[in-house]
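Undergrad: Quick one, start07.pdb (PDB, C-alpha atoms, pLDDT in the B column):
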ATOM      1  CA  MET T  89      62.797 100.682  85.858  1.00 46.00           C
ATOM      2  CA  ASP T  90      64.207 100.263  89.287  1.00 49.00           C
ATOM      3  CA  ASN T  91      64.876  96.569  89.539  1.00 56.00           C
ATOM      4  CA  ASN T  92      68.186  96.913  91.313  1.00 66.00           C
ATOM      5  CA  PRO T  93      67.890  95.288  94.693  1.00 76.00           C
ATOM      6  CA  SER T  94      69.664  97.047  97.500  1.00 91.00           C
ATOM      7  CA  ILE T  95      72.788  95.465  98.892  1.00 95.00           C
ATOM      8  CA  HIS T  96      72.832  94.758 102.561  1.00 96.00           C
ATOM      9  CA  VAL T  97      76.109  95.926 104.057  1.00 95.00           C
ATOM     10  CA  TYR T  98      76.987  93.887 107.076  1.00 94.00           C
ATOM     11  CA  ASN T  99      80.605  92.827 106.713  1.00 92.00           C
ATOM     12  CA  GLU T 100      83.779  93.787 104.857  1.00 90.00           C
ATOM     13  CA  TRP T 101      83.007  91.532 101.934  1.00 92.00           C
ATOM     14  CA  ASP T 102      79.674  93.323 101.336  1.00 95.00           C
ATOM     15  CA  ILE T 103      81.730  96.440 100.562  1.00 95.00           C
ATOM     16  CA  VAL T 104      83.295  94.558  97.640  1.00 94.00           C
ATOM     17  CA  VAL T 105      79.897  93.224  96.518  1.00 95.00           C
ATOM     18  CA  ALA T 106      78.398  96.730  96.590  1.00 96.00           C
ATOM     19  CA  ARG T 107      81.164  98.322  94.557  1.00 94.00           C
ATOM     20  CA  GLN T 108      81.217  95.491  92.022  1.00 94.00           C
ATOM     21  CA  SER T 109      77.502  95.883  91.396  1.00 95.00           C
ATOM     22  CA  GLY T 110      78.094  99.615  90.913  1.00 96.00           C
ATOM     23  CA  ARG T 111      80.887  98.964  88.435  1.00 96.00           C
ATOM     24  CA  ASP T 112      78.715  96.497  86.505  1.00 96.00           C
ATOM     25  CA  LEU T 113      75.862  98.988  86.263  1.00 97.00           C
ATOM     26  CA  ALA T 114      78.173 101.882  85.328  1.00 97.00           C
ATOM     27  CA  LYS T 115      79.706  99.727  82.609  1.00 96.00           C
ATOM     28  CA  SER T 116      76.331  98.669  81.246  1.00 97.00           C
ATOM     29  CA  LEU T 117      75.167 102.302  81.135  1.00 97.00           C
ATOM     30  CA  GLY T 118      78.234 103.155  79.075  1.00 96.00           C
ATOM     31  CA  PHE T 119      80.249 105.182  81.583  1.00 97.00           C
ATOM     32  CA  GLY T 120      83.919 105.612  80.686  1.00 96.00           C
ATOM     33  CA  GLU T 121      86.697 103.982  82.653  1.00 95.00           C
ATOM     34  CA  VAL T 122      87.495 107.014  84.808  1.00 96.00           C
ATOM     35  CA  ASP T 123      83.872 107.518  85.821  1.00 97.00           C
ATOM     36  CA  GLN T 124      83.508 103.800  86.468  1.00 97.00           C
ATOM     37  CA  ALA T 125      86.417 104.094  88.894  1.00 97.00           C
ATOM     38  CA  ARG T 126      84.900 107.223  90.476  1.00 97.00           C
ATOM     39  CA  ILE T 127      81.516 105.557  90.972  1.00 97.00           C
ATOM     40  CA  THR T 128      83.072 102.359  92.312  1.00 97.00           C
ATOM     41  CA  THR T 129      85.263 104.311  94.718  1.00 96.00           C
ATOM     42  CA  ALA T 130      82.347 106.437  95.947  1.00 96.00           C
ATOM     43  CA  ILE T 131      80.307 103.284  96.655  1.00 97.00           C
ATOM     44  CA  SER T 132      83.252 101.771  98.474  1.00 95.00           C
ATOM     45  CA  GLU T 133      83.622 104.830 100.712  1.00 94.00           C
ATOM     46  CA  LEU T 134      79.883 104.916 101.491  1.00 95.00           C
ATOM     47  CA  ALA T 135      79.670 101.173 102.154  1.00 95.00           C
ATOM     48  CA  ARG T 136      82.697 101.397 104.416  1.00 92.00           C
ATOM     49  CA  ASN T 137      81.127 104.254 106.355  1.00 90.00           C
ATOM     50  CA  ILE T 138      78.083 102.061 106.960  1.00 92.00           C
ATOM     51  CA  TYR T 139      80.244  99.142 108.056  1.00 92.00           C
ATOM     52  CA  LEU T 140      82.427 101.284 110.337  1.00 88.00           C
ATOM     53  CA  TYR T 141      79.874 103.559 111.956  1.00 87.00           C
ATOM     54  CA  ALA T 142      76.419 102.050 111.630  1.00 90.00           C
ATOM     55  CA  LYS T 143      77.549  98.382 111.570  1.00 92.00           C
ATOM     56  CA  GLN T 144      74.832  97.663 109.024  1.00 93.00           C
ATOM     57  CA  GLY T 145      72.762  99.346 106.394  1.00 96.00           C
ATOM     58  CA  GLU T 146      72.175  99.226 102.679  1.00 96.00           C
ATOM     59  CA  ILE T 147      73.471 100.542  99.413  1.00 97.00           C
ATOM     60  CA  GLU T 148      71.233 100.895  96.398  1.00 97.00           C
ATOM     61  CA  VAL T 149      72.615 101.622  92.969  1.00 97.00           C
ATOM     62  CA  SER T 150      70.226 102.456  90.147  1.00 97.00           C
ATOM     63  CA  PRO T 151      70.112 104.222  86.784  1.00 97.00           C
ATOM     64  CA  VAL T 152      68.548 107.717  86.628  1.00 97.00           C
ATOM     65  CA  TYR T 153      67.168 109.509  83.610  1.00 96.00           C
ATOM     66  CA  GLU T 154      66.509 113.221  83.343  1.00 94.00           C
ATOM     67  CA  GLY T 155      65.562 114.609  79.960  1.00 93.00           C
ATOM     68  CA  ASP T 156      68.158 113.078  77.691  1.00 92.00           C
ATOM     69  CA  LYS T 157      70.677 112.668  80.482  1.00 94.00           C
ATOM     70  CA  VAL T 158      71.632 109.273  81.864  1.00 97.00           C
ATOM     71  CA  GLY T 159      73.181 108.822  85.244  1.00 97.00           C
ATOM     72  CA  ILE T 160      73.741 106.516  88.122  1.00 98.00           C
ATOM     73  CA  LYS T 161      72.338 107.078  91.573  1.00 98.00           C
ATOM     74  CA  ILE T 162      73.800 105.707  94.780  1.00 97.00           C
ATOM     75  CA  ILE T 163      71.695 105.650  97.908  1.00 97.00           C
ATOM     76  CA  SER T 164      73.338 104.793 101.200  1.00 96.00           C
ATOM     77  CA  ARG T 165      70.984 104.210 104.093  1.00 95.00           C
ATOM     78  CA  ASP T 166      71.524 103.180 107.661  1.00 93.00           C
ATOM     79  CA  ASN T 167      69.923 103.422 111.084  1.00 91.00           C
ATOM     80  CA  GLY T 168      73.205 103.917 112.850  1.00 87.00           C
ATOM     81  CA  PRO T 169      74.286 106.614 115.286  1.00 86.00           C
ATOM     82  CA  GLY T 170      74.020 109.340 112.656  1.00 85.00           C
ATOM     83  CA  ILE T 171      76.461 112.171 112.157  1.00 82.00           C
ATOM     84  CA  LYS T 172      76.687 114.729 114.920  1.00 77.00           C
ATOM     85  CA  ASP T 173      78.026 117.531 112.794  1.00 76.00           C
ATOM     86  CA  VAL T 174      77.271 117.036 109.098  1.00 79.00           C
ATOM     87  CA  LEU T 175      79.088 120.188 108.016  1.00 77.00           C
ATOM     88  CA  LYS T 176      82.190 119.077 109.822  1.00 79.00           C
ATOM     89  CA  ALA T 177      81.997 115.569 108.342  1.00 78.00           C
ATOM     90  CA  LEU T 178      82.130 117.210 104.911  1.00 80.00           C
ATOM     91  CA  GLU T 179      85.342 119.052 105.719  1.00 77.00           C
ATOM     92  CA  ASP T 180      88.555 117.658 104.316  1.00 70.00           C
ATOM     93  CA  GLY T 181      90.727 115.947 106.852  1.00 63.00           C
ATOM     94  CA  TYR T 182      87.955 115.385 109.360  1.00 57.00           C
ATOM     95  CA  SER T 183      87.578 111.797 110.410  1.00 55.00           C
ATOM     96  CA  THR T 184      86.570 110.077 113.590  1.00 51.00           C
ATOM     97  CA  SER T 185      87.630 106.606 112.485  1.00 50.00           C
ATOM     98  CA  GLY T 186      91.345 107.098 112.017  1.00 46.00           C
ATOM     99  CA  GLY T 187      90.895 106.903 108.260  1.00 47.00           C
ATOM    100  CA  LEU T 188      92.429 109.370 105.898  1.00 42.00           C
ATOM    101  CA  GLY T 189      89.477 111.655 106.423  1.00 45.00           C
ATOM    102  CA  ALA T 190      88.761 111.402 102.723  1.00 55.00           C
ATOM    103  CA  GLY T 191      85.411 109.641 103.137  1.00 80.00           C
ATOM    104  CA  LEU T 192      82.518 112.032 102.635  1.00 88.00           C
ATOM    105  CA  PRO T 193      84.284 115.031 101.067  1.00 89.00           C
ATOM    106  CA  GLY T 194      85.934 112.524  98.739  1.00 90.00           C
ATOM    107  CA  VAL T 195      82.577 111.076  97.700  1.00 94.00           C
ATOM    108  CA  LYS T 196      81.258 114.582  97.116  1.00 93.00           C
ATOM    109  CA  ARG T 197      84.145 115.326  94.756  1.00 93.00           C
ATOM    110  CA  LEU T 198      83.864 112.001  92.939  1.00 95.00           C
ATOM    111  CA  MET T 199      80.160 112.453  92.192  1.00 97.00           C
ATOM    112  CA  ASP T 200      78.175 115.291  90.530  1.00 97.00           C
ATOM    113  CA  GLU T 201      75.363 115.557  93.045  1.00 97.00           C
ATOM    114  CA  PHE T 202      75.517 114.818  96.723  1.00 96.00           C
ATOM    115  CA  ALA T 203      72.879 115.122  99.448  1.00 95.00           C
ATOM    116  CA  ILE T 204      73.030 114.020 103.026  1.00 94.00           C
ATOM    117  CA  GLU T 205      70.405 113.779 105.736  1.00 92.00           C
ATOM    118  CA  SER T 206      71.555 112.767 109.140  1.00 88.00           C
ATOM    119  CA  SER T 207      70.895 113.487 112.748  1.00 84.00           C
ATOM    120  CA  GLU T 208      72.308 112.032 115.883  1.00 86.00           C
ATOM    121  CA  GLY T 209      70.668 108.759 116.825  1.00 86.00           C
ATOM    122  CA  LYS T 210      68.583 108.627 113.665  1.00 88.00           C
ATOM    123  CA  GLY T 211      70.868 107.230 111.044  1.00 91.00           C
ATOM    124  CA  THR T 212      72.120 108.608 107.782  1.00 93.00           C
ATOM    125  CA  LEU T 213      70.754 108.839 104.266  1.00 95.00           C
ATOM    126  CA  ILE T 214      73.117 109.839 101.496  1.00 95.00           C
ATOM    127  CA  THR T 215      72.148 110.243  97.855  1.00 97.00           C
ATOM    128  CA  ALA T 216      74.780 110.799  95.205  1.00 98.00           C
ATOM    129  CA  VAL T 217      74.444 110.993  91.425  1.00 98.00           C
ATOM    130  CA  LYS T 218      76.975 110.822  88.621  1.00 98.00           C
ATOM    131  CA  TRP T 219      75.851 111.926  85.161  1.00 98.00           C
ATOM    132  CA  LYS T 220      77.235 110.390  82.041  1.00 96.00           C
ATOM    133  CA  LEU T 221      79.124 112.788  79.799  1.00 86.00           C
ATOM    134  CA  PHE T 222      78.287 112.721  76.142  1.00 73.00           C
TER     135      PHE T 222
ATOM    136  CA  MET Y  70      92.876  85.213  99.958  1.00 81.00           C
ATOM    137  CA  ARG Y  71      96.683  85.656  99.935  1.00 92.00           C
ATOM    138  CA  ILE Y  72      98.664  87.786  97.537  1.00 95.00           C
ATOM    139  CA  PRO Y  73     101.749  85.936  96.259  1.00 95.00           C
ATOM    140  CA  ILE Y  74     105.128  87.560  96.974  1.00 97.00           C
ATOM    141  CA  LEU Y  75     108.029  86.503  94.729  1.00 97.00           C
ATOM    142  CA  LYS Y  76     111.728  86.798  95.446  1.00 97.00           C
ATOM    143  CA  LEU Y  77     114.058  88.021  92.721  1.00 95.00           C
ATOM    144  CA  GLY Y  78     117.651  88.407  93.910  1.00 94.00           C
ATOM    145  CA  ASN Y  79     117.723  91.119  96.544  1.00 94.00           C
ATOM    146  CA  TYR Y  80     114.216  92.236  95.686  1.00 97.00           C
ATOM    147  CA  LEU Y  81     110.654  91.137  96.166  1.00 98.00           C
ATOM    148  CA  LEU Y  82     107.983  91.357  93.475  1.00 97.00           C
ATOM    149  CA  VAL Y  83     104.291  91.593  94.135  1.00 97.00           C
ATOM    150  CA  SER Y  84     101.597  91.803  91.508  1.00 95.00           C
ATOM    151  CA  ILE Y  85      98.166  92.482  92.908  1.00 95.00           C
ATOM    152  CA  GLN Y  86      95.761  90.674  90.595  1.00 90.00           C
ATOM    153  CA  VAL Y  87      92.710  90.470  92.796  1.00 87.00           C
ATOM    154  CA  GLU Y  88      90.035  92.881  93.885  1.00 83.00           C
ATOM    155  CA  LEU Y  89      91.440  94.104  97.189  1.00 88.00           C
ATOM    156  CA  ASP Y  90      89.080  93.649 100.075  1.00 89.00           C
ATOM    157  CA  ASP Y  91      90.007  94.920 103.523  1.00 88.00           C
ATOM    158  CA  LYS Y  92      91.084  91.582 104.978  1.00 90.00           C
ATOM    159  CA  THR Y  93      93.236  90.685 101.984  1.00 93.00           C
ATOM    160  CA  ALA Y  94      94.930  94.086 102.164  1.00 93.00           C
ATOM    161  CA  VAL Y  95      95.758  93.765 105.854  1.00 93.00           C
ATOM    162  CA  GLN Y  96      96.902  90.159 105.413  1.00 95.00           C
ATOM    163  CA  PHE Y  97      99.164  91.314 102.584  1.00 96.00           C
ATOM    164  CA  GLN Y  98     100.680  93.956 104.859  1.00 96.00           C
ATOM    165  CA  GLN Y  99     101.717  91.303 107.362  1.00 97.00           C
ATOM    166  CA  ASP Y 100     102.848  88.795 104.734  1.00 97.00           C
ATOM    167  CA  LEU Y 101     105.048  91.358 103.003  1.00 98.00           C
ATOM    168  CA  LEU Y 102     106.716  92.524 106.219  1.00 98.00           C
ATOM    169  CA  ASN Y 103     107.391  88.911 107.275  1.00 97.00           C
ATOM    170  CA  MET Y 104     108.805  88.130 103.837  1.00 98.00           C
ATOM    171  CA  ILE Y 105     111.086  91.205 103.903  1.00 98.00           C
ATOM    172  CA  HIS Y 106     112.295  90.207 107.339  1.00 97.00           C
ATOM    173  CA  LYS Y 107     112.866  86.579 106.357  1.00 97.00           C
ATOM    174  CA  THR Y 108     114.677  87.281 103.084  1.00 97.00           C
ATOM    175  CA  GLY Y 109     116.500  90.481 104.031  1.00 97.00           C
ATOM    176  CA  SER Y 110     115.323  92.037 100.766  1.00 97.00           C
ATOM    177  CA  MET Y 111     116.454  95.575 100.019  1.00 96.00           C
ATOM    178  CA  GLY Y 112     113.522  96.606  97.903  1.00 97.00           C
ATOM    179  CA  VAL Y 113     109.988  95.688  96.853  1.00 98.00           C
ATOM    180  CA  VAL Y 114     108.066  96.422  93.676  1.00 98.00           C
ATOM    181  CA  ILE Y 115     104.304  96.341  94.111  1.00 98.00           C
ATOM    182  CA  ASP Y 116     102.607  96.238  90.735  1.00 97.00           C
ATOM    183  CA  LEU Y 117      99.104  97.717  90.673  1.00 97.00           C
ATOM    184  CA  THR Y 118      98.408  97.305  86.927  1.00 96.00           C
ATOM    185  CA  SER Y 119      95.361  95.102  87.532  1.00 95.00           C
ATOM    186  CA  VAL Y 120      93.965  97.190  90.362  1.00 95.00           C
ATOM    187  CA  GLN Y 121      90.921  99.100  89.151  1.00 93.00           C
ATOM    188  CA  MET Y 122      90.016 100.915  92.323  1.00 93.00           C
ATOM    189  CA  ILE Y 123      91.815 102.241  95.382  1.00 94.00           C
ATOM    190  CA  ASP Y 124      89.581 103.789  98.003  1.00 92.00           C
ATOM    191  CA  SER Y 125      90.778 105.721 101.049  1.00 89.00           C
ATOM    192  CA  TYR Y 126      91.057 102.624 103.214  1.00 90.00           C
ATOM    193  CA  ILE Y 127      93.080 100.586 100.729  1.00 92.00           C
ATOM    194  CA  ALA Y 128      95.212 103.681 100.069  1.00 93.00           C
ATOM    195  CA  ARG Y 129      95.979 103.935 103.749  1.00 91.00           C
ATOM    196  CA  VAL Y 130      96.900 100.252 103.996  1.00 93.00           C
ATOM    197  CA  LEU Y 131      99.212 100.604 100.974  1.00 95.00           C
ATOM    198  CA  GLY Y 132     100.732 103.853 102.267  1.00 95.00           C
ATOM    199  CA  ASP Y 133     101.317 102.248 105.654  1.00 95.00           C
ATOM    200  CA  VAL Y 134     103.014  99.205 104.144  1.00 96.00           C
ATOM    201  CA  VAL Y 135     105.557 101.539 102.548  1.00 96.00           C
ATOM    202  CA  LYS Y 136     106.355 103.211 105.870  1.00 96.00           C
ATOM    203  CA  MET Y 137     106.470  99.871 107.687  1.00 97.00           C
ATOM    204  CA  SER Y 138     108.819  98.396 105.085  1.00 97.00           C
ATOM    205  CA  GLU Y 139     111.057 101.455 105.340  1.00 97.00           C
ATOM    206  CA  LEU Y 140     111.276 100.933 109.083  1.00 97.00           C
ATOM    207  CA  LEU Y 141     112.685  97.493 108.338  1.00 97.00           C
ATOM    208  CA  GLY Y 142     115.181  99.061 105.943  1.00 97.00           C
ATOM    209  CA  CYS Y 143     113.461  98.147 102.700  1.00 97.00           C
ATOM    210  CA  GLU Y 144     112.394 100.477  99.889  1.00 97.00           C
ATOM    211  CA  VAL Y 145     109.061 100.149  98.093  1.00 98.00           C
ATOM    212  CA  VAL Y 146     108.078 101.257  94.595  1.00 98.00           C
ATOM    213  CA  PHE Y 147     104.513 101.131  93.251  1.00 97.00           C
ATOM    214  CA  THR Y 148     104.172 100.451  89.558  1.00 98.00           C
ATOM    215  CA  GLY Y 149     101.441 100.448  86.940  1.00 97.00           C
ATOM    216  CA  ILE Y 150      98.909 102.715  88.648  1.00 96.00           C
ATOM    217  CA  GLN Y 151      96.075 103.077  86.128  1.00 96.00           C
ATOM    218  CA  PRO Y 152      95.052 106.563  84.903  1.00 96.00           C
ATOM    219  CA  ALA Y 153      91.517 106.116  86.312  1.00 96.00           C
ATOM    220  CA  VAL Y 154      92.955 105.107  89.688  1.00 96.00           C
ATOM    221  CA  SER Y 155      95.328 108.070  89.720  1.00 95.00           C
ATOM    222  CA  ILE Y 156      92.444 110.455  88.961  1.00 95.00           C
ATOM    223  CA  THR Y 157      90.199 109.061  91.693  1.00 94.00           C
ATOM    224  CA  LEU Y 158      93.030 109.114  94.238  1.00 93.00           C
ATOM    225  CA  ILE Y 159      93.531 112.827  93.612  1.00 92.00           C
ATOM    226  CA  ASP Y 160      89.733 113.385  93.701  1.00 90.00           C
ATOM    227  CA  LEU Y 161      89.772 111.718  97.098  1.00 88.00           C
ATOM    228  CA  GLY Y 162      92.555 114.024  98.228  1.00 85.00           C
ATOM    229  CA  ILE Y 163      95.140 111.260  98.480  1.00 86.00           C
ATOM    230  CA  GLY Y 164      98.378 112.251  96.820  1.00 80.00           C
ATOM    231  CA  PHE Y 165     100.537 109.302  97.899  1.00 84.00           C
ATOM    232  CA  ARG Y 166     103.209 111.883  98.673  1.00 83.00           C
ATOM    233  CA  ASN Y 167     106.760 110.671  99.317  1.00 86.00           C
ATOM    234  CA  ILE Y 168     105.936 107.396  97.653  1.00 93.00           C
ATOM    235  CA  LYS Y 169     108.065 106.139  94.772  1.00 95.00           C
ATOM    236  CA  THR Y 170     106.276 105.109  91.630  1.00 96.00           C
ATOM    237  CA  ALA Y 171     107.152 103.912  88.159  1.00 97.00           C
ATOM    238  CA  MET Y 172     105.214 103.125  84.987  1.00 96.00           C
ATOM    239  CA  ASN Y 173     105.876  99.398  84.945  1.00 96.00           C
ATOM    240  CA  LEU Y 174     107.649  96.531  86.673  1.00 94.00           C
ATOM    241  CA  GLU Y 175     110.830  96.956  84.643  1.00 95.00           C
ATOM    242  CA  GLN Y 176     111.159 100.667  85.417  1.00 97.00           C
ATOM    243  CA  GLY Y 177     110.249  99.993  89.025  1.00 97.00           C
ATOM    244  CA  LEU Y 178     113.100  97.515  89.425  1.00 96.00           C
ATOM    245  CA  GLU Y 179     115.425  99.933  87.653  1.00 96.00           C
ATOM    246  CA  LYS Y 180     114.437 102.685  90.074  1.00 96.00           C
ATOM    247  CA  LEU Y 181     115.175 100.463  93.059  1.00 96.00           C
ATOM    248  CA  LYS Y 182     118.542  99.438  91.616  1.00 95.00           C
ATOM    249  CA  GLN Y 183     119.559 103.033  90.997  1.00 95.00           C
ATOM    250  CA  SER Y 184     118.492 104.085  94.438  1.00 93.00           C
ATOM    251  CA  LEU Y 185     120.025 101.145  96.303  1.00 92.00           C
ATOM    252  CA  GLU Y 186     123.006 100.071  94.252  1.00 88.00           C
ATOM    253  CA  GLY Y 187     123.936 103.487  92.867  1.00 80.00           C
TER     254      GLY Y 187
END
Rewrite the structure from the file as structure tokens, please.
TA:
Amino acid sequence: MDNNPSIHVYNEWDIVVARQSGRDLAKSLGFGEVDQARITTAISELARNIYLYAKQGEIEVSPVYEGDKVGIKIISRDNGPGIKDVLKALEDGYSTSGGLGAGLPGVKRLMDEFAIESSEGKGTLITAVKWKLF
Amino acid sequence: MRIPILKLGNYLLVSIQVELDDKTAVQFQQDLLNMIHKTGSMGVVIDLTSVQMIDSYIARVLGDVVKMSELLGCEVVFTGIQPAVSITLIDLGIGFRNIKTAMNLEQGLEKLKQSLEG
């Protein structure tokens, strides 16, 4: 089932590649336009976090099935510096990069499920799922 | 990649037709400010009809270009923001407050004219 290769995020252009592959998959799974935009935006935020903080990492986008539900799963993985204070990084308005601080809390709101594992010096693993509405 | 900027009387028109990557967005910022400076334009309409996604970074670049243009003495109106884009911007917590918008290019130009020419 999972034949979606992960996208290596190394430069700014990879962010575009990652979100386009997410949009293509969301479209092919039959997500509506608003959810396509949500998924694409979430991937963009996650890929940018990798590029900004970890310098490199990967994004994997794949379909998920649970009972009769269909969804899309985004995995963002890097071996970067990790997040010192995960709870704080999920607060609105908190940003260490001079961004709008919308990054992670934004992704959490855009998606239905969101899980993060990170510790300082050990990188970050984020999994986020969006379910298709019937 | 460069985004074309067109001059129409005292105004500038920009229609963003490409997928905005970071470099293109920053390049556009500089190009627009130089063009405003060179032409002495009073207002700019930036049409976002073809833009399918605005993430927090692109939103910041666009928000900044408005403030930068205003510092030069030029007003900016965004037009054609798609419903899906508007929803995700609010999801992200980005309200684009204090930014002028209009449904389409025509209404955007009208808004500028009303605001600048009375």
Undergrad: Once the PyMOL selection byres ((chain Y and resi 184) around 12) has been evaluated on this model, what residues remain selected, and can you format them as a list in words?
TA: Met111, Gly112, Cys143, Glu144, Val145, Val146, Lys169, Gly177, Leu178, Glu179, Lys180, Leu181, Lys182, Gln183, Leu185, Glu186 and Gly187 of chain Y
Undergrad: Write out the residues from the selection above, keeping C-alpha atoms, as a CSV table (one decimal), keeping the file's coordinate frame.
TA:
chain,number,residue,atom,x,y,z
Y,111,MET,CA,116.5,95.6,100.0
Y,112,GLY,CA,113.5,96.6,97.9
Y,143,CYS,CA,113.5,98.1,102.7
Y,144,GLU,CA,112.4,100.5,99.9
Y,145,VAL,CA,109.1,100.1,98.1
Y,146,VAL,CA,108.1,101.3,94.6
Y,169,LYS,CA,108.1,106.1,94.8
Y,177,GLY,CA,110.2,100.0,89.0
Y,178,LEU,CA,113.1,97.5,89.4
Y,179,GLU,CA,115.4,99.9,87.7
Y,180,LYS,CA,114.4,102.7,90.1
Y,181,LEU,CA,115.2,100.5,93.1
Y,182,LYS,CA,118.5,99.4,91.6
Y,183,GLN,CA,119.6,103.0,91.0
Y,185,LEU,CA,120.0,101.1,96.3
Y,186,GLU,CA,123.0,100.1,94.3
Y,187,GLY,CA,123.9,103.5,92.9
Undergrad: Just give me the gap between atom CA of T:Gly209 and atom CA of T:Ile163 in Å, one decimal is fine.
TA: 19.2 Å
Undergrad: Take every atom of stretch 192-205 of chain T listed in the file, pad by 8 Å on each side, and give me the axis-aligned box centre and edge lengths in Å, one decimal, as lines of an AutoDock Vina configuration file.
TA:
center_x = 78.2
center_y = 113.3
center_z = 98.1
size_x = 31.5
size_y = 20.5
size_z = 31.2
Undergrad: When you count all atoms listed in the file, which of these residues is closest to chain T: Y:Lys136, Y:Arg129, Y:Lys107, Y:Lys76?
TA: Y:Arg129
Undergrad: Skipping near chain neighbours, those fewer than 4 positions away, what residues fall within 10 Å of Y:Phe97 using all atoms listed in the file, listed as a PyMOL selection string?
TA: chain Y and resi 70-74+83+85+89+91-93+101-103+130-131+134
